[in-house]
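Undergrad: Handing you this structure, nothing more for now.
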Amino acid sequence: MESTSFPQPVVIAVAPNGGRRIKADHPAIPLTPQELANTAAECLDAGAAMIHAHVRKPDGTHLLDADAYRDAIASIRGAVGDRMVIQMTSEALGIYTPAEQRSVVRDVKPEAVSLALRELVPDEGEEAAFADLLAWLKREGAAPQIILYAPDEAVRLDAMWRRGLVPFDRIPVLYVLGRYTVGQTSTPADLLPFLAPEMPRFAHWSVCAFGRHETACVTAGALLGGHARVGFENNLFRPDGTLADKNADLVASVAETVRGCGLTVADADALRRFSAG
């Protein structure tokens with residue numbers, strides 16, 4: 001898995017809601033299909049090429065459901081057309097089994113999907129089913145992104161690739177800097193263990209972070225050849241510590257910062273070209 005050359009256009013993905021936060025956390029957290037569509041349009045204008053969307057039950061709690069995803073995707077597509085990649089999540093949040101996660105992905109047939117390695121492959125017994133899902137995604141032309149919460153998971157994914165269980169030569173990954181805990185604040189240094197000399201290199205890697213240093217963290221990643229995911233799923237604050245009004249504020253902050261560093265911001269077509277390559 002060879003790293004791509006630098007510099008390259010930076011993909012900014014927005015994760016506007018996640019599976020945990022509700023309106024009490026911030027009134028602009030989008031929970032309904034229409035709210036997701038409105039947020040997508042705002043974030044597209046601010047520089048986002050992809051939206052990472054969760055759907056919710058009527059009471060606001062986390063949901064994996066094919067019909068709910070089809071409704072959300074249709075609403076988002078109606079607002080932004082094909083100018084954004086729409087990525088669904090398969091996140092279990094401690095509620096769904098690996099089999100249930102795989103099933104909803106197959107039912108939705110998304111353009112893109114995030115897959116947490118630790119959830120879908122908690123042990124070796126799930127490896128074959130995970131490999132089958134990846135092979136199906138490749139046949140369907142869907143783009144997976146593997147979520148990695150710790151460097152040892154990156155090592156494990158690389159070993160699975162070397163054993164032929166990952167049928168993508170350039171499998172996209174997301175490095176998560178920190179955990180979903182109260183008061184979690186990531187720093188750029190949290191990225192270093194993922195990029196240590198002995199670590200595997202992935203051709204398309206992104207960074208997400210928690211708290212007010214989100215822009216600093218993802219910009220550090222971009223300067224080292226990576227991409228960015230920002231949004232209310234992990235962070236509600238601008239770099240100066242003030243509460244953001246909406247997700248688009250966080251997207252705009254990253255777009256402005258990376259451009260100020262001499263980088264360019266990718267659009268959805270650039271992201272799709274990588275996924276098809």
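In the structure tokens, chains take the letters A, B, ... in the order shown, each chain's residues start at 1, and ligands count up from 1 in the order shown.
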Fewer than 2 positions away in the same chain doesn't count, so skip those; otherwise give me all residues within 9 Å of Ala68 of chain A, counting only C-alpha atoms, as a PyMOL selection string.
TA: chain A and resi 33+55-57+63-66+70-73
Undergrad: Using only C-alpha atoms, which protein or nucleic acid residues come within 8 Å of Ala28 of chain A? Drop anything in the same chain fewer than 4 positions from it, and give the result as a ChimeraX atom specification.
TA: /A:23,245-247
Undergrad: Assign secondary structure with DSSP using the backbone only, and return the residues of segment 3-84 of chain A in strand (DSSP E or B) as a list in words.
TA: Val10, Ile12, Ala13, Val14, Met50, Ile51, His52, Ala53, Val55, Arg56, His62 and Leu63 of chain A
Undergrad: Find the residues of segment 174-235 of chain A that sit at most 10 Å from segment 139-161 of chain A; for each, write down the nearest two atoms and how far apart they are in Å, to one decimal. Count only C-alpha atoms. Sort by chain, then by number going up, and give it as CSV.
TA:
residue,atom,partner,partner_atom,distance
A:Leu174,CA,A:Ile147,CA,4.9
A:Tyr175,CA,A:Leu148,CA,5.2
A:Val176,CA,A:Tyr149,CA,5.0
A:Leu177,CA,A:Tyr149,CA,7.2
A:Gly178,CA,A:Tyr149,CA,7.6
A:Arg179,CA,A:Tyr149,CA,8.0
A:Leu191,CA,A:Pro151,CA,9.5
A:Leu192,CA,A:Pro151,CA,9.6
A:Pro193,CA,A:Pro151,CA,6.4
A:Phe194,CA,A:Pro151,CA,5.2
A:Leu195,CA,A:Pro151,CA,8.6
A:Ala196,CA,A:Pro151,CA,9.2
A:Glu198,CA,A:Val155,CA,9.5
A:Met199,CA,A:Val155,CA,6.8
A:Pro200,CA,A:Val155,CA,6.4
A:Arg201,CA,A:Asp158,CA,8.6
A:Phe202,CA,A:Asp158,CA,8.7
A:His204,CA,A:Gln145,CA,9.3
A:Trp205,CA,A:Gln145,CA,8.9
A:Ser206,CA,A:Gln145,CA,9.4
A:Val207,CA,A:Leu148,CA,9.9
Undergrad: Using the selection just defined, write its residues with N, CA, C and O atoms as a JSON list (two decimals), in the first residue's frame.
TA:
[["chain", "number", "residue", "atom", "x", "y", "z"],
["A", 174, "LEU", "N", -9.87, 5.96, 7.85],
["A", 174, "LEU", "CA", -10.05, 7.16, 8.67],
["A", 174, "LEU", "C", -9.37, 6.94, 10.00],
["A", 174, "LEU", "O", -9.71, 6.00, 10.72],
["A", 175, "TYR", "N", -8.41, 7.78, 10.34],
["A", 175, "TYR", "CA", -7.76, 7.74, 11.64],
["A", 175, "TYR", "C", -8.55, 8.61, 12.60],
["A", 175, "TYR", "O", -8.74, 9.81, 12.38],
["A", 176, "VAL", "N", -9.03, 8.00, 13.67],
["A", 176, "VAL", "CA", -9.80, 8.72, 14.68],
["A", 176, "VAL", "C", -8.86, 9.11, 15.82],
["A", 176, "VAL", "O", -8.25, 8.24, 16.46],
["A", 177, "LEU", "N", -8.75, 10.41, 16.06],
["A", 177, "LEU", "CA", -7.85, 10.91, 17.09],
["A", 177, "LEU", "C", -8.65, 11.17, 18.37],
["A", 177, "LEU", "O", -9.25, 12.24, 18.54],
["A", 178, "GLY", "N", -8.69, 10.17, 19.23],
["A", 178, "GLY", "CA", -9.42, 10.33, 20.48],
["A", 178, "GLY", "C", -10.61, 9.39, 20.57],
["A", 178, "GLY", "O", -10.78, 8.46, 19.78],
["A", 179, "ARG", "N", -11.44, 9.65, 21.56],
["A", 179, "ARG", "CA", -12.58, 8.79, 21.85],
["A", 179, "ARG", "C", -13.83, 9.63, 22.09],
["A", 179, "ARG", "O", -13.75, 10.82, 22.36],
["A", 191, "LEU", "N", -1.96, 12.30, 15.96],
["A", 191, "LEU", "CA", -1.84, 11.64, 14.66],
["A", 191, "LEU", "C", -0.52, 10.88, 14.51],
["A", 191, "LEU", "O", -0.44, 9.93, 13.74],
["A", 192, "LEU", "N", 0.51, 11.28, 15.24],
["A", 192, "LEU", "CA", 1.85, 10.74, 15.03],
["A", 192, "LEU", "C", 1.94, 9.22, 15.15],
["A", 192, "LEU", "O", 2.64, 8.59, 14.34],
["A", 193, "PRO", "N", 1.28, 8.57, 16.13],
["A", 193, "PRO", "CA", 1.40, 7.11, 16.20],
["A", 193, "PRO", "C", 0.89, 6.39, 14.95],
["A", 193, "PRO", "O", 1.40, 5.32, 14.60],
["A", 194, "PHE", "N", -0.10, 6.97, 14.27],
["A", 194, "PHE", "CA", -0.61, 6.36, 13.04],
["A", 194, "PHE", "C", 0.39, 6.47, 11.89],
["A", 194, "PHE", "O", 0.34, 5.69, 10.94],
["A", 195, "LEU", "N", 1.29, 7.46, 11.96],
["A", 195, "LEU", "CA", 2.21, 7.74, 10.87],
["A", 195, "LEU", "C", 3.66, 7.40, 11.22],
["A", 195, "LEU", "O", 4.58, 7.80, 10.51],
["A", 196, "ALA", "N", 3.85, 6.67, 12.30],
["A", 196, "ALA", "CA", 5.20, 6.28, 12.71],
["A", 196, "ALA", "C", 5.89, 5.47, 11.60],
["A", 196, "ALA", "O", 5.20, 4.83, 10.78],
["A", 198, "GLU", "N", 7.30, 2.68, 11.33],
["A", 198, "GLU", "CA", 7.02, 1.25, 11.23],
["A", 198, "GLU", "C", 5.57, 0.94, 10.87],
["A", 198, "GLU", "O", 5.20, -0.23, 10.66],
["A", 199, "MET", "N", 4.73, 1.97, 10.75],
["A", 199, "MET", "CA", 3.31, 1.75, 10.49],
["A", 199, "MET", "C", 3.05, 1.56, 9.00],
["A", 199, "MET", "O", 3.79, 2.06, 8.15],
["A", 200, "PRO", "N", 1.98, 0.82, 8.66],
["A", 200, "PRO", "CA", 1.60, 0.68, 7.24],
["A", 200, "PRO", "C", 1.16, 2.02, 6.68],
["A", 200, "PRO", "O", 0.69, 2.89, 7.40],
["A", 201, "ARG", "N", 1.36, 2.18, 5.37],
["A", 201, "ARG", "CA", 0.95, 3.40, 4.68],
["A", 201, "ARG", "C", -0.24, 3.09, 3.78],
["A", 201, "ARG", "O", -0.21, 2.13, 3.01],
["A", 202, "PHE", "N", -1.27, 3.91, 3.89],
["A", 202, "PHE", "CA", -2.46, 3.76, 3.07],
["A", 202, "PHE", "C", -2.52, 4.91, 2.07],
["A", 202, "PHE", "O", -2.20, 6.05, 2.39],
["A", 204, "HIS", "N", -5.02, 6.47, 0.69],
["A", 204, "HIS", "CA", -6.03, 7.49, 0.91],
["A", 204, "HIS", "C", -6.45, 7.42, 2.37],
["A", 204, "HIS", "O", -7.20, 6.54, 2.77],
["A", 205, "TRP", "N", -5.92, 8.35, 3.17],
["A", 205, "TRP", "CA", -6.25, 8.36, 4.60],
["A", 205, "TRP", "C", -6.78, 9.73, 5.01],
["A", 205, "TRP", "O", -6.38, 10.75, 4.48],
["A", 206, "SER", "N", -7.70, 9.68, 5.94],
["A", 206, "SER", "CA", -8.33, 10.89, 6.45],
["A", 206, "SER", "C", -8.18, 10.93, 7.96],
["A", 206, "SER", "O", -7.85, 9.92, 8.60],
["A", 207, "VAL", "N", -8.46, 12.09, 8.52],
["A", 207, "VAL", "CA", -8.33, 12.31, 9.95],
["A", 207, "VAL", "C", -9.62, 12.93, 10.47],
["A", 207, "VAL", "O", -10.18, 13.84, 9.83]]
Undergrad: Skipping near chain neighbours, those fewer than 4 positions away, what residues fall within 7 Å of Val14 of chain A using only C-alpha atoms, listed as JSON, numbers by chain?
TA: {"A": [48, 50, 51, 52, 229, 230, 231, 251]}
Undergrad: Excluding same-chain residues fewer than 2 positions from Arg20 of chain A, what lies within 10 Å of it counting only C-alpha atoms, as an MDAnalysis selection string?
TA: chainID A and resid 17:18 22 25 54 56 60:62 93 180 233:234
Undergrad: Write out as a PDB file with C-alpha atoms, in the first residue's frame the residues lying within 10 Å of Gln34 of chain A, counting only C-alpha atoms and excluding same-chain residues fewer than 3 positions away.
TA:
ATOM      1  CA  PRO A  30     -29.507  17.607  11.670  1.00  0.00           C
ATOM      2  CA  LEU A  31     -31.668  14.608  12.533  1.00  0.00           C
ATOM      3  CA  ALA A  37     -30.321  17.800   3.023  1.00  0.00           C
ATOM      4  CA  ASN A  38     -30.164  21.427   4.139  1.00  0.00           C
ATOM      5  CA  THR A  39     -26.903  20.788   5.969  1.00  0.00           C
ATOM      6  CA  ALA A  40     -25.424  19.024   2.955  1.00  0.00           C
ATOM      7  CA  ASP A  71     -35.176   8.454   2.560  1.00  0.00           C
ATOM      8  CA  ALA A  72     -32.172  10.429   3.834  1.00  0.00           C
ATOM      9  CA  ALA A  74     -32.962  10.783  -1.553  1.00  0.00           C
ATOM     10  CA  SER A  75     -33.389  14.048   0.342  1.00  0.00           C
ATOM     11  CA  ILE A  76     -29.677  14.827   0.299  1.00  0.00           C
ATOM     12  CA  GLY A  78     -32.334  16.200  -4.114  1.00  0.00           C
ATOM     13  CA  ALA A  79     -30.497  19.106  -2.493  1.00  0.00           C
TER      14      ALA A  79
END
